[in-house]
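Structure data follow from model-v4.pdb (PDB, C-alpha atoms):
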ATOM      1  CA  MET P   1       0.000   0.000   0.000
ATOM      2  CA  GLU P   2       2.917   2.360   0.641
ATOM      3  CA  VAL P   3       4.110   1.888  -2.940
ATOM      4  CA  GLU P   4       0.602   2.640  -4.232
ATOM      5  CA  ALA P   5       0.327   5.752  -2.017
ATOM      6  CA  LEU P   6       3.712   7.071  -3.176
ATOM      7  CA  ARG P   7       2.769   6.491  -6.827
ATOM      8  CA  LEU P   8      -0.570   8.246  -6.428
ATOM      9  CA  ILE P   9       0.900  11.274  -4.638
ATOM     10  CA  ARG P  10       3.649  11.576  -7.296
ATOM     11  CA  GLN P  11       1.052  11.478 -10.092
ATOM     12  CA  LYS P  12      -1.591  13.764  -8.605
ATOM     13  CA  THR P  13       0.395  16.425  -6.713
ATOM     14  CA  ALA P  14       3.510  18.547  -6.950
ATOM     15  CA  LEU P  15       4.727  17.313  -3.553
ATOM     16  CA  PRO P  16       8.279  15.964  -3.369
ATOM     17  CA  VAL P  17       7.832  12.203  -3.109
ATOM     18  CA  PRO P  18      10.606   9.628  -3.508
ATOM     19  CA  GLU P  19      10.672   7.569  -6.680
ATOM     20  CA  VAL P  20      10.336   3.855  -5.980
ATOM     21  CA  TRP P  21      13.018   1.784  -7.739
ATOM     22  CA  ALA P  22      12.129  -1.615  -6.339
ATOM     23  CA  TRP P  23       9.872  -3.135  -3.721
ATOM     24  CA  GLY P  24       8.834  -6.557  -2.563
ATOM     25  CA  VAL P  25       7.428  -8.801   0.109
ATOM     26  CA  ALA P  26       9.523 -10.784   2.586
ATOM     27  CA  ASP P  27       9.626 -13.885   0.356
ATOM     28  CA  ILE P  28      11.555 -12.091  -2.393
ATOM     29  CA  SER P  29      13.791  -9.912  -0.211
ATOM     30  CA  PRO P  30      17.358 -10.329  -1.571
ATOM     31  CA  LEU P  31      18.873 -10.374   1.924
ATOM     32  CA  ASN P  32      15.961 -12.181   3.594
ATOM     33  CA  LEU P  33      15.330  -9.137   5.772
ATOM     34  CA  GLY P  34      11.584  -8.855   5.195
ATOM     35  CA  PRO P  35       9.437  -6.539   3.067
ATOM     36  CA  PHE P  36      11.368  -3.713   1.441
ATOM     37  CA  ILE P  37      11.059  -0.523  -0.591
ATOM     38  CA  LEU P  38      14.116   0.847  -2.381
ATOM     39  CA  MET P  39      13.602   4.515  -3.261
ATOM     40  CA  THR P  40      15.344   7.781  -3.968
ATOM     41  CA  PHE P  41      16.369  10.122  -1.164
ATOM     42  CA  ILE P  42      14.884  13.595  -0.977
ATOM     43  CA  GLU P  43      17.102  16.304   0.478
ATOM     44  CA  GLY P  44      15.533  18.441   3.134
ATOM     45  CA  VAL P  45      15.508  19.547   6.752
ATOM     46  CA  CYS P  46      13.847  17.373   9.384
ATOM     47  CA  LEU P  47      11.031  19.251  11.118
ATOM     48  CA  LYS P  48      12.162  17.792  14.444
ATOM     49  CA  ASP P  49      15.544  19.517  14.009
ATOM     50  CA  VAL P  50      13.770  22.861  13.499
ATOM     51  CA  LEU P  51      11.299  22.560  16.401
ATOM     52  CA  ILE P  52      12.927  20.420  19.121
ATOM     53  CA  GLU P  53      15.897  21.214  21.359
ATOM     54  CA  SER P  54      18.874  18.996  20.512
ATOM     55  CA  GLY P  55      18.975  15.843  22.654
ATOM     56  CA  SER P  56      15.578  16.515  24.213
ATOM     57  CA  GLN P  57      11.845  16.158  23.601
ATOM     58  CA  VAL P  58      11.109  19.815  24.426
ATOM     59  CA  LEU P  59      10.128  22.471  21.890
ATOM     60  CA  LYS P  60      12.657  25.233  21.337
ATOM     61  CA  ARG P  61      11.755  28.282  23.431
ATOM     62  CA  HIS P  62      12.412  31.061  20.948
ATOM     63  CA  LEU P  63      11.291  30.043  17.485
ATOM     64  CA  PRO P  64      11.118  33.030  15.145
ATOM     65  CA  ASP P  65       7.595  33.880  13.953
ATOM     66  CA  ASP P  66       8.678  33.686  10.326
ATOM     67  CA  THR P  67       9.903  30.092  10.868
ATOM     68  CA  ILE P  68       6.581  29.078  12.407
ATOM     69  CA  GLU P  69       4.682  30.805   9.584
ATOM     70  CA  LEU P  70       6.804  29.026   6.957
ATOM     71  CA  ILE P  71       6.137  25.644   8.601
ATOM     72  CA  TYR P  72       2.380  26.252   8.760
ATOM     73  CA  ARG P  73       2.288  27.447   5.136
ATOM     74  CA  GLN P  74       4.160  24.339   3.989
ATOM     75  CA  MET P  75       1.843  22.058   5.984
ATOM     76  CA  ALA P  76      -1.234  23.828   4.608
ATOM     77  CA  ASN P  77       0.115  23.435   1.066
ATOM     78  CA  ILE P  78       0.671  19.704   1.627
ATOM     79  CA  MET P  79      -2.820  19.229   3.053
ATOM     80  CA  LEU P  80      -4.475  21.213   0.248
ATOM     81  CA  GLN P  81      -2.715  19.160  -2.422
ATOM     82  CA  LEU P  82      -3.602  15.865  -0.739
ATOM     83  CA  PHE P  83      -7.246  16.876  -0.292
ATOM     84  CA  LYS P  84      -7.527  17.636  -4.023
ATOM     85  CA  ILE P  85      -7.019  13.956  -4.851
ATOM     86  CA  ASP P  86     -10.475  12.552  -5.553
ATOM     87  CA  PHE P  87     -11.583   8.936  -5.223
ATOM     88  CA  TYR P  88     -14.651   7.101  -6.504
ATOM     89  CA  ARG P  89     -15.111   5.203  -3.254
ATOM     90  CA  ILE P  90     -13.996   5.237   0.372
ATOM     91  CA  GLY P  91     -11.522   2.544   1.337
ATOM     92  CA  SER P  92      -8.146   1.172   0.355
ATOM     93  CA  LEU P  93      -6.283   2.534  -2.647
ATOM     94  CA  PRO P  94      -6.628   0.698  -5.941
ATOM     95  CA  THR P  95      -3.538  -1.463  -6.480
ATOM     96  CA  THR P  96      -2.732  -0.644 -10.098
ATOM     97  CA  THR P  97       1.050  -0.823  -9.591
ATOM     98  CA  THR P  98       1.366  -3.792  -7.244
ATOM     99  CA  ASN P  99      -1.784  -5.743  -8.222
ATOM    100  CA  PHE P 100      -2.016  -6.964  -4.616
ATOM    101  CA  ALA P 101      -5.377  -8.155  -3.361
ATOM    102  CA  VAL P 102      -6.288  -5.861  -0.471
ATOM    103  CA  PRO P 103      -9.514  -5.310   1.425
ATOM    104  CA  THR P 104     -11.751  -2.657  -0.095
ATOM    105  CA  ARG P 105     -13.041  -1.417   3.263
ATOM    106  CA  PRO P 106     -11.122   1.371   5.029
ATOM    107  CA  LEU P 107      -8.186   0.380   7.207
ATOM    108  CA  THR P 108      -8.462   2.823  10.079
ATOM    109  CA  TRP P 109      -6.087   3.495  12.948
ATOM    110  CA  LYS P 110      -9.138   3.525  15.190
ATOM    111  CA  ALA P 111     -10.094  -0.078  14.339
ATOM    112  CA  HIS P 112      -6.494  -1.148  14.943
ATOM    113  CA  ASP P 113      -6.476   0.657  18.301
ATOM    114  CA  ILE P 114      -9.775  -0.958  19.360
ATOM    115  CA  LEU P 115      -8.250  -4.353  18.587
ATOM    116  CA  GLN P 116      -4.938  -3.642  20.345
ATOM    117  CA  THR P 117      -6.244  -1.950  23.483
ATOM    118  CA  GLY P 118      -9.657  -3.551  23.902
ATOM    119  CA  GLY P 119      -9.162  -6.908  22.223
ATOM    120  CA  ILE P 120     -12.252  -6.377  20.047
ATOM    121  CA  ASN P 121     -11.930  -7.130  16.335
ATOM    122  CA  THR P 122     -14.046  -4.552  14.496
ATOM    123  CA  PHE P 123     -12.561  -5.226  11.055
ATOM    124  CA  ASP P 124     -15.786  -6.983   9.905
ATOM    125  CA  ASN P 125     -16.463  -7.516   6.212
ATOM    126  CA  GLN P 126     -13.222  -6.832   4.323
ATOM    127  CA  ASN P 127     -15.014  -6.395   1.017
ATOM    128  CA  GLN P 128     -17.576  -3.871   2.226
ATOM    129  CA  LYS P 129     -17.557  -1.025  -0.309
ATOM    130  CA  LEU P 130     -18.364   2.464   0.903
ATOM    131  CA  SER P 131     -19.417   5.018  -1.707
ATOM    132  CA  THR P 132     -20.649   7.870   0.476
ATOM    133  CA  THR P 133     -19.549   9.742   3.538
ATOM    134  CA  ARG P 134     -22.753   8.632   5.255
ATOM    135  CA  GLN P 135     -21.840   4.955   4.701
ATOM    136  CA  TYR P 136     -18.351   5.607   6.072
ATOM    137  CA  PHE P 137     -19.676   7.220   9.256
ATOM    138  CA  HIS P 138     -22.124   4.329   9.742
ATOM    139  CA  TYR P 139     -19.172   1.971   9.348
ATOM    140  CA  VAL P 140     -17.135   3.838  11.995
ATOM    141  CA  LEU P 141     -20.111   4.117  14.365
ATOM    142  CA  GLY P 142     -20.647   0.377  13.934
ATOM    143  CA  GLN P 143     -17.097  -0.175  15.153
ATOM    144  CA  ASP P 144     -17.797   1.974  18.222
ATOM    145  CA  TRP P 145     -20.997   0.036  18.876
ATOM    146  CA  GLN P 146     -19.145  -3.289  18.603
ATOM    147  CA  GLN P 147     -16.541  -2.059  21.073
ATOM    148  CA  LEU P 148     -19.210  -0.832  23.499
ATOM    149  CA  GLN P 149     -21.068  -4.148  23.368
ATOM    150  CA  ASN P 150     -18.085  -6.504  23.491
ATOM    151  CA  GLN P 151     -15.273  -4.873  25.454
ATOM    152  CA  LEU P 152     -15.005  -5.909  29.070
ATOM    153  CA  ASN P 153     -16.085  -3.343  31.606
ATOM    154  CA  SER P 154     -13.346  -1.338  33.273
ATOM    155  CA  VAL P 155     -15.416   0.034  36.171
ATOM    156  CA  ALA P 156     -15.898  -1.368  39.648
ATOM    157  CA  GLY P 157     -19.621  -0.782  40.088
ATOM    158  CA  GLU P 158     -22.335   1.787  39.472
ATOM    159  CA  THR P 159     -20.761   4.560  41.581
ATOM    160  CA  ASN P 160     -17.420   4.256  39.788
ATOM    161  CA  ALA P 161     -19.161   4.274  36.404
ATOM    162  CA  ARG P 162     -20.941   7.548  37.195
ATOM    163  CA  LEU P 163     -17.651   9.315  37.919
TER     164      LEU P 163
END
Please go through the file and, once you have read it, give me the structure as structure tokens.
Amino acid sequence: MEVEALRLIRQKTALPVPEVWAWGVADISPLNLGPFILMTFIEGVCLKDVLIESGSQVLKRHLPDDTIELIYRQMANIMLQLFKIDFYRIGSLPTTTTNFAVPTRPLTWKAHDILQTGGINTFDNQNQKLSTTRQYFHYVLGQDWQQLQNQLNSVAGETNARL
């Protein structure tokens, strides 16, 4: 999916995206190291180096306003270009480059988190196609409902639940 996403962003935007030279699954990895993507390197400055104190996790105290404005403008430009990409359905990207069979339903971080933290598998029908925003929100609400119904309670009685 990463290869497909990179290809799509390269085709549909002016964003600097690495060119993929080779990719593969673990079975064909030349060094038997697992799945791989071999791509070009894009020169640039890491945002962490601009915002974070060296050797720490703390934001720099005195960032110039023009630096902050430049960062926000660049982020806005990225978001605007990505939001211009239009799709005919909601879900996984078409796999025109890799031809991999992937589920058509959306793969959300939320569903993954519900599975990891609550132990509830809300991934349901992998071939469920969603054509409208309304269908997508029903899909997401269905995941919430599944979690509410199936996840073990984490309260110790009625009084604790009311807090």
With 12 Å as the cut-off and all atoms listed in the file counted, what is the closest atom pair between each nearby residue of segment 12-39 of chain P and segment 85-102 of chain P? Distances in Å to one decimal, ordered by chain and number, as a Markdown table.
| residue | atom | partner | partner_atom | distance |
| --- | --- | --- | --- | --- |
| P:Lys12 | CA | P:Ile85 | CA | 6.6 |
| P:Thr13 | CA | P:Ile85 | CA | 8.0 |
| P:Ala14 | CA | P:Ile85 | CA | 11.7 |
| P:Val20 | CA | P:Thr97 | CA | 11.0 |
| P:Ala22 | CA | P:Thr98 | CA | 11.0 |
| P:Trp23 | CA | P:Thr98 | CA | 9.2 |
| P:Gly24 | CA | P:Thr98 | CA | 9.2 |
| P:Val25 | CA | P:Phe100 | CA | 10.7 |
Hey, can you spit out that residue selection with C-alpha atoms as an mmCIF file, keeping the file's coordinate frame?
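out-v7.cif was written with the following content:
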data_model
loop_
_atom_site.group_PDB
_atom_site.id
_atom_site.type_symbol
_atom_site.label_atom_id
_atom_site.label_comp_id
_atom_site.auth_asym_id
_atom_site.auth_seq_id
_atom_site.Cartn_x
_atom_site.Cartn_y
_atom_site.Cartn_z
ATOM 1 C CA LYS P 12 -1.591 13.764 -8.605
ATOM 2 C CA THR P 13 0.395 16.425 -6.713
ATOM 3 C CA ALA P 14 3.510 18.547 -6.950
ATOM 4 C CA VAL P 20 10.336 3.855 -5.980
ATOM 5 C CA ALA P 22 12.129 -1.615 -6.339
ATOM 6 C CA TRP P 23 9.872 -3.135 -3.721
ATOM 7 C CA GLY P 24 8.834 -6.557 -2.563
ATOM 8 C CA VAL P 25 7.428 -8.801 0.109
#
query: Do you know which residues the PyMOL selection byres ((chain P and resi 122) around 7) returns on this file, as a PyMOL selection string?
result: chain P and resi 111+120-121+123-124+143+146
task: Kindly give the distance, in Å, that separates atom CA of Tyr139 of chain P and atom CA of Leu80 of chain P, rounded to a single decimal.
output: 25.9 Å
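Pairwise distance (atom CA of Glu43 of chain P, atom CA of Leu63 of chain P) equals 22.6 Å.
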message: Show me, as JSON, numbers by chain, the residues that have an atom within 12 Å of Val50 of chain P when counting all atoms listed in the file, minus same-chain residues fewer than 6 positions from it.
response: {"P": [44, 58, 59, 60, 61, 62, 63, 64, 67, 68, 70, 71]}
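Around Gln81 of chain P, within 12 Å and counting all atoms listed in the file, the residues found are Leu8, Ile9, Arg10, Gln11, Lys12, Thr13, Ala14, Leu15, Pro16, Gln74, Met75, Ala76, Asn77, Ile78, Lys84, Ile85 and Asp86 of chain P, once anything fewer than 3 positions away on its own chain is removed.
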statement: The distance between atom CA of Ala5 of chain P and atom CA of Leu51 of chain P is 27.2 Å
message: Quick check on the file I pasted: which residues fall under the PyMOL selection byres ((chain P and resi 151) around 8)? Write them as an MDAnalysis selection string.
response: chainID P and resid 118:120 147:150 152:153
- request: With the file shown as input, list the residues that the PyMOL selection byres ((chain P and resi 29-37) around 12) selects, as a count of residues only.
  value: 20
Segment 129-142 of chain P written out with all heavy atoms as a compact mmCIF listing (two decimals), in the first residue's frame:
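Done, and the output landed in result_2.txt:
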# COMPACT_ATOMS: atom_id res chain seq x y z
N LYS P 129 -17.88 -2.22 0.46
CA LYS P 129 -17.56 -1.02 -0.31
C LYS P 129 -18.37 0.15 0.22
O LYS P 129 -19.56 0.03 0.45
CB LYS P 129 -17.85 -1.25 -1.79
CG LYS P 129 -16.95 -2.28 -2.40
CD LYS P 129 -17.24 -2.48 -3.87
CE LYS P 129 -16.33 -3.56 -4.42
NZ LYS P 129 -16.58 -3.85 -5.80
N LEU P 130 -17.71 1.27 0.40
CA LEU P 130 -18.36 2.46 0.90
C LEU P 130 -18.27 3.55 -0.16
O LEU P 130 -17.17 3.94 -0.55
CB LEU P 130 -17.71 2.93 2.20
CG LEU P 130 -17.59 1.87 3.30
CD1 LEU P 130 -16.75 2.38 4.45
CD2 LEU P 130 -18.94 1.44 3.77
N SER P 131 -19.41 4.03 -0.63
CA SER P 131 -19.42 5.02 -1.71
C SER P 131 -19.72 6.43 -1.22
O SER P 131 -19.48 7.39 -1.93
CB SER P 131 -20.46 4.63 -2.76
OG SER P 131 -20.16 3.36 -3.29
N THR P 132 -20.27 6.54 -0.01
CA THR P 132 -20.65 7.87 0.48
C THR P 132 -20.06 8.11 1.86
O THR P 132 -19.71 7.18 2.58
CB THR P 132 -22.18 8.02 0.57
OG1 THR P 132 -22.67 7.14 1.58
CG2 THR P 132 -22.86 7.71 -0.76
N THR P 133 -20.02 9.38 2.21
CA THR P 133 -19.55 9.74 3.54
C THR P 133 -20.48 9.18 4.60
O THR P 133 -20.04 8.72 5.64
CB THR P 133 -19.48 11.28 3.67
OG1 THR P 133 -18.75 11.79 2.57
CG2 THR P 133 -18.81 11.70 4.96
N ARG P 134 -21.77 9.18 4.32
CA ARG P 134 -22.75 8.63 5.25
C ARG P 134 -22.46 7.16 5.55
O ARG P 134 -22.48 6.72 6.71
CB ARG P 134 -24.16 8.81 4.68
CG ARG P 134 -25.24 8.28 5.58
CD ARG P 134 -26.63 8.39 4.91
NE ARG P 134 -27.63 8.47 5.92
CZ ARG P 134 -28.28 9.56 6.27
NH1 ARG P 134 -28.02 10.70 5.66
NH2 ARG P 134 -29.18 9.54 7.21
N GLN P 135 -22.18 6.37 4.51
CA GLN P 135 -21.84 4.95 4.70
C GLN P 135 -20.57 4.80 5.54
O GLN P 135 -20.49 3.93 6.40
CB GLN P 135 -21.64 4.26 3.35
CG GLN P 135 -22.90 4.06 2.57
CD GLN P 135 -22.61 3.48 1.20
OE1 GLN P 135 -21.52 3.60 0.66
NE2 GLN P 135 -23.63 2.85 0.61
N TYR P 136 -19.60 5.67 5.31
CA TYR P 136 -18.35 5.61 6.07
C TYR P 136 -18.62 5.86 7.55
O TYR P 136 -18.13 5.14 8.41
CB TYR P 136 -17.33 6.61 5.53
CG TYR P 136 -16.09 6.70 6.39
CD1 TYR P 136 -15.14 5.68 6.38
CD2 TYR P 136 -15.89 7.77 7.25
CE1 TYR P 136 -14.01 5.75 7.19
CE2 TYR P 136 -14.77 7.85 8.05
CZ TYR P 136 -13.83 6.83 8.02
OH TYR P 136 -12.73 6.89 8.83
N PHE P 137 -19.40 6.91 7.85
CA PHE P 137 -19.68 7.22 9.26
C PHE P 137 -20.48 6.11 9.93
O PHE P 137 -20.28 5.81 11.10
CB PHE P 137 -20.34 8.59 9.40
CG PHE P 137 -19.36 9.72 9.26
CD1 PHE P 137 -19.49 10.64 8.24
CD2 PHE P 137 -18.30 9.85 10.14
CE1 PHE P 137 -18.58 11.67 8.10
CE2 PHE P 137 -17.39 10.88 10.02
CZ PHE P 137 -17.52 11.80 8.99
N HIS P 138 -21.40 5.48 9.19
CA HIS P 138 -22.12 4.33 9.74
C HIS P 138 -21.16 3.19 10.04
O HIS P 138 -21.29 2.49 11.04
CB HIS P 138 -23.23 3.87 8.78
CG HIS P 138 -24.47 4.68 8.89
ND1 HIS P 138 -25.38 4.51 9.91
CD2 HIS P 138 -24.95 5.69 8.13
CE1 HIS P 138 -26.37 5.36 9.76
NE2 HIS P 138 -26.13 6.10 8.69
N TYR P 139 -20.20 3.01 9.16
CA TYR P 139 -19.17 1.97 9.35
C TYR P 139 -18.37 2.24 10.63
O TYR P 139 -18.19 1.35 11.46
CB TYR P 139 -18.26 1.96 8.12
CG TYR P 139 -17.07 1.05 8.19
CD1 TYR P 139 -17.21 -0.32 8.01
CD2 TYR P 139 -15.80 1.55 8.43
CE1 TYR P 139 -16.11 -1.16 8.06
CE2 TYR P 139 -14.69 0.72 8.49
CZ TYR P 139 -14.85 -0.64 8.30
OH TYR P 139 -13.76 -1.47 8.37
N VAL P 140 -17.92 3.47 10.81
CA VAL P 140 -17.14 3.84 11.99
C VAL P 140 -17.98 3.74 13.26
O VAL P 140 -17.53 3.23 14.29
CB VAL P 140 -16.52 5.25 11.83
CG1 VAL P 140 -15.87 5.73 13.11
CG2 VAL P 140 -15.51 5.24 10.69
N LEU P 141 -19.22 4.22 13.20
CA LEU P 141 -20.11 4.12 14.37
C LEU P 141 -20.39 2.66 14.71
O LEU P 141 -20.50 2.30 15.88
CB LEU P 141 -21.42 4.85 14.11
CG LEU P 141 -21.33 6.37 14.14
CD1 LEU P 141 -22.63 7.00 13.67
CD2 LEU P 141 -20.98 6.88 15.52
N GLY P 142 -20.47 1.81 13.69
CA GLY P 142 -20.65 0.38 13.93
C GLY P 142 -19.47 -0.21 14.70
O GLY P 142 -19.65 -1.09 15.56
